[in-house]
Amino acid sequence: MMKLCAILILFVFTMPSWGKEPEAFPDLKLSDVQGLKEATRVLEEELKLAARPQTYVLIDLVGSTIQIKGRGIGLHQIPIIRWSGESRNELKGIHKLVARPSVVRRKIDPGAAGEQEPISLADMPADYVLSCSPPMTIVVVPSTAGETLLRGAAILGKSWWHHVQHWASSLFTDVPSTPTPHLQLTIAADHAQSLAWSLVDGMAIVIRRPTDK
Amino acid sequence: MRRLLLATSAVVLLLLLVVSTRSINPAAPEDSQAVHQPAVQDNTSLRTLQARYKTLSKQLSQLMPREPYILVDTARNRLYVKRQDEVVLNAIASTGSGTILDKPGESKSQWIFDTPRGEFLVKTKLANPTWIKPDWAFIEEGLAVPQNAAERAEQGVLGDYALGFGKGYFIHGTLYTRLLGKNVTHGCIRLNDSDLKGVYQLARVGTPIMIF
């Protein structure tokens with residue numbers, strides 16, 4: 001009888017863990033309606049991307065991570081230290097990477113004696129701008145241990161320059177001046193280089209936005 | 001003693017039932033019909049959203065490979081064989097150097113020695129492979145490209161096995177093991193003999209290869 005009672009109690013306490021479903025965003029509170037809406041939107045986008053043989057990027061502003069993914073699997077993860085953004089509504093949907101930082105490639109000298117230096121992570125930029133279609137700009141800024149005033153000024157300058165460029169281009173075209181969605185990500189310098197390495201032209205980017213409560 | 005245990009388990013069961021009922025419908029007002037209606041609607045839409053989220057999460061997890069897959073990190077020159085979250089094999093590799101070589105006689109045309117990024121499949125599994133040297137291998141050495149195909153064949157340089165994943169790219173062995181961990185190849189993925197054997201045994205034709 002005692003055994004039966006023990007089994008009964010064990011059964012009751014282990015019941016909730018049975019048939020545990022996989023959750024795409026473990027940080028999501030299932031009582032948060034806006035958070036759920038955003039998570040389902042991102043999942044709908046991600047399902048389209050994961051159904052095809054390709055790698056893609058998920059920028060999770062809620063979980064503060066950048067993930068290189070394929071078939072729904074997180075292949076590589078980069079923590080976001082800080083971020084800021086404008087036109088958050090325009091950040092939804094699938095964006096394709098159209099311009100990324102250029103890399104200075106070394107040219108092989110045929111028949112030259114000795115080994116020629118390959119490119120490495122150290123050759124990758126840590127401070128760069130990614131342009132996407134539909135229009136969106138992602139500014140990647142490296143975090144430095146002692147972030148100086150100079151660095152802060154450089155970040156502000158980059159943001160200001162982005163606005164000036166947009167305003168100038170609208171002067172010479174008939175296109176009405178609507179601001180390009182803009183996201184600034186601050187990540188560790190080596191992570192910024194790693195991200196620059198991993199990105200390829202045409203790569204799809206999905207962003208999970210925070211919900212304002 | 002038995003009665004006490006029975007009573008305890010009954011109380012625990014009852015308590016759990018009460019708690020679970022409350023968590024499904026928290027703070028539902030009962031005093032007014034007007035207030036009650038939106039709360040019911042909110043709960044319905046919340047439950048619909050929760051169900052949708054769980055369905056989508058499940059659908060996404062179903063796209064993940066069930067069998068072992070190969071993961072290649074070209075930045076850090078690592079190759080892993082993974083079975084879901086478990087790392088079955090962890091190897092130091094050599095991947096593409098990213099260097100360029102001009103094609104002779106073709107202005108503005110170049111070979112770029114990158115390991116391709118994206119998702120691929122193991123298309124061929126070869127034992128004791130022969131390397132059929134492509135044009136760039138001769139040009140890089142400052143040699144003339146041979147007209148006779150037999151002069152392109154070279155034995156023993158690719159190791160004991162080669163796994164092809166399309167467009168002439170292979171996971172293969174190397175004579176230059178001191179260069180493992182560096183970006184030195186023309187796009188192929190090099191491994192040492194024992195890791196190559198492990199990958200050859202774990203992979204089959206159709207095994208996914210994720211490269212980033």
# chains A, B, ... in the order shown; residues from 1 in each chain; ligands from 1
call {"tool": "interface_residues", "arguments": {"of": "chain B", "to": "chain A", "cutoff": "6 Å", "atoms": "only C-alpha atoms", "output": "ChimeraX atom specification"}}
result
/B:53,57-58,60,63-64,97-101,118-119,140-142,212
call {"tool": "write_last_selection", "arguments": {"atoms": "C-alpha atoms", "output": "mmCIF file, in the first residue's frame"}}
result
data_model
loop_
_atom_site.group_PDB
_atom_site.id
_atom_site.type_symbol
_atom_site.label_atom_id
_atom_site.label_comp_id
_atom_site.auth_asym_id
_atom_site.auth_seq_id
_atom_site.Cartn_x
_atom_site.Cartn_y
_atom_site.Cartn_z
ATOM 1 C CA TYR B 53 3.422 29.043 -30.681
ATOM 2 C CA SER B 57 7.976 25.374 -32.290
ATOM 3 C CA LYS B 58 7.219 21.716 -32.940
ATOM 4 C CA LEU B 60 10.570 23.941 -36.539
ATOM 5 C CA LEU B 63 12.941 20.247 -39.655
ATOM 6 C CA MET B 64 16.088 19.498 -37.639
ATOM 7 C CA SER B 97 42.243 30.247 -47.499
ATOM 8 C CA GLY B 98 40.139 33.000 -49.095
ATOM 9 C CA THR B 99 43.020 33.820 -51.438
ATOM 10 C CA ILE B 100 42.559 34.558 -55.151
ATOM 11 C CA LEU B 101 44.341 33.411 -58.282
ATOM 12 C CA GLY B 118 25.411 26.974 -46.417
ATOM 13 C CA GLU B 119 23.812 23.539 -46.311
ATOM 14 C CA GLU B 140 49.381 28.053 -58.873
ATOM 15 C CA GLU B 141 52.668 26.136 -59.142
ATOM 16 C CA GLY B 142 53.618 28.065 -62.266
ATOM 17 C CA PHE B 212 29.238 28.608 -41.716
#
call {"tool": "residues_around", "arguments": {"residues": "Arg152 (chain B)", "least_positions_apart": "5", "cutoff": "8 Å", "atoms": "only C-alpha atoms", "output": "ChimeraX atom specification"}}
result
/B:131-134,146
call {"tool": "closest_residue", "arguments": {"among": "B:Leu175, B:Ile211, B:Leu126, B:Ala203", "to": "Val81 (chain B)", "atoms": "only C-alpha atoms"}}
result
B:Ala203
call {"tool": "residues_around", "arguments": {"residues": "Gly105 (chain B)", "least_positions_apart": "4", "cutoff": "12 Å", "atoms": "only C-alpha atoms", "output": "ChimeraX atom specification"}}
result
/B:109-110,139
call {"tool": "write_last_selection", "arguments": {"atoms": "N, CA and C atoms", "output": "mmCIF file, in the first residue's frame"}}
result
data_model
loop_
_atom_site.group_PDB
_atom_site.id
_atom_site.type_symbol
_atom_site.label_atom_id
_atom_site.label_comp_id
_atom_site.auth_asym_id
_atom_site.auth_seq_id
_atom_site.Cartn_x
_atom_site.Cartn_y
_atom_site.Cartn_z
ATOM 1 N N SER B 109 38.919 37.572 -64.501
ATOM 2 C CA SER B 109 38.374 36.298 -64.061
ATOM 3 C C SER B 109 39.353 35.647 -63.088
ATOM 4 N N GLN B 110 38.812 35.196 -61.973
ATOM 5 C CA GLN B 110 39.689 34.684 -60.908
ATOM 6 C C GLN B 110 39.086 33.456 -60.235
ATOM 7 N N ILE B 139 48.488 25.963 -62.380
ATOM 8 C CA ILE B 139 48.767 27.397 -62.563
ATOM 9 C C ILE B 139 49.389 27.993 -61.288
#
call {"tool": "closest_residue", "arguments": {"among": "A:Asp127, A:Glu90, A:Asp212, A:Asp27", "to": "Ala188 (chain A)", "atoms": "only C-alpha atoms"}}
result
A:Asp127
call {"tool": "atom_distance", "arguments": {"atom1": "CA of Gln155 (chain B)", "atom2": "CA of Phe138 (chain B)"}}
result
15.9 Å
call {"tool": "select_by_dssp", "arguments": {"residues": "region 59-153 of chain B", "states": "helix (DSSP H, G or I)", "output": "number ranges by chain"}}
result
B: 59-62, 135-140, 149-152
call {"tool": "write_last_selection", "arguments": {"atoms": "C-alpha atoms", "output": "PDB file, in the first residue's frame"}}
result
ATOM      1  CA  GLN B  59       7.164  22.222 -36.720  1.00  0.00           C
ATOM      2  CA  LEU B  60      10.570  23.941 -36.539  1.00  0.00           C
ATOM      3  CA  SER B  61      12.040  21.149 -34.427  1.00  0.00           C
ATOM      4  CA  GLN B  62      10.755  18.623 -36.967  1.00  0.00           C
ATOM      5  CA  ASP B 135      43.744  23.683 -63.728  1.00  0.00           C
ATOM      6  CA  TRP B 136      44.397  25.996 -60.764  1.00  0.00           C
ATOM      7  CA  ALA B 137      46.677  23.432 -59.107  1.00  0.00           C
ATOM      8  CA  PHE B 138      49.075  23.644 -62.071  1.00  0.00           C
ATOM      9  CA  ILE B 139      48.767  27.397 -62.563  1.00  0.00           C
ATOM     10  CA  GLU B 140      49.381  28.053 -58.873  1.00  0.00           C
ATOM     11  CA  ALA B 149      44.050  13.760 -68.507  1.00  0.00           C
ATOM     12  CA  ALA B 150      46.220  10.984 -67.072  1.00  0.00           C
ATOM     13  CA  GLU B 151      48.818  13.578 -66.053  1.00  0.00           C
ATOM     14  CA  ARG B 152      46.282  15.124 -63.676  1.00  0.00           C
TER      15      ARG B 152
END
call {"tool": "residues_around", "arguments": {"residues": "Asn77 (chain B)", "least_positions_apart": "4", "cutoff": "6 Å", "atoms": "only C-alpha atoms", "output": "ChimeraX atom specification"}}
result
/B:73,93-94,181
call {"tool": "write_last_selection", "arguments": {"atoms": "N, CA and C atoms", "output": "CSV table (one decimal), in the first residue's frame"}}
result
chain,number,residue,atom,x,y,z
B,73,ASP,N,32.8,24.9,-38.9
B,73,ASP,CA,33.0,26.3,-38.5
B,73,ASP,C,34.3,26.7,-39.3
B,93,ALA,N,40.2,21.1,-38.3
B,93,ALA,CA,40.2,21.0,-39.7
B,93,ALA,C,41.0,22.1,-40.4
B,94,SER,N,41.1,22.0,-41.7
B,94,SER,CA,41.7,23.2,-42.4
B,94,SER,C,40.6,23.5,-43.5
B,181,GLY,N,43.9,23.4,-38.5
B,181,GLY,CA,43.5,24.6,-37.7
B,181,GLY,C,43.7,25.9,-38.4
call {"tool": "atom_distance", "arguments": {"atom1": "CA of His182 (chain A)", "atom2": "CA of Ala75 (chain B)"}}
result
27.3 Å
call {"tool": "residues_around", "arguments": {"residues": "Pro101 (chain A)", "least_positions_apart": "6", "cutoff": "8 Å", "atoms": "only C-alpha atoms", "output": "list of chain:residue names"}}
result
A:Pro125, A:Tyr128, A:Val129, A:Leu130, A:Ala196
call {"tool": "write_last_selection", "arguments": {"atoms": "C-alpha atoms", "output": "compact mmCIF listing (two decimals), in the first residue's frame"}}
result
# COMPACT_ATOMS: atom_id res chain seq x y z
CA PRO A 125 36.59 44.18 -39.82
CA TYR A 128 30.96 47.82 -40.24
CA VAL A 129 27.56 48.41 -41.82
CA LEU A 130 25.30 45.74 -43.34
CA ALA A 196 31.65 39.42 -40.60
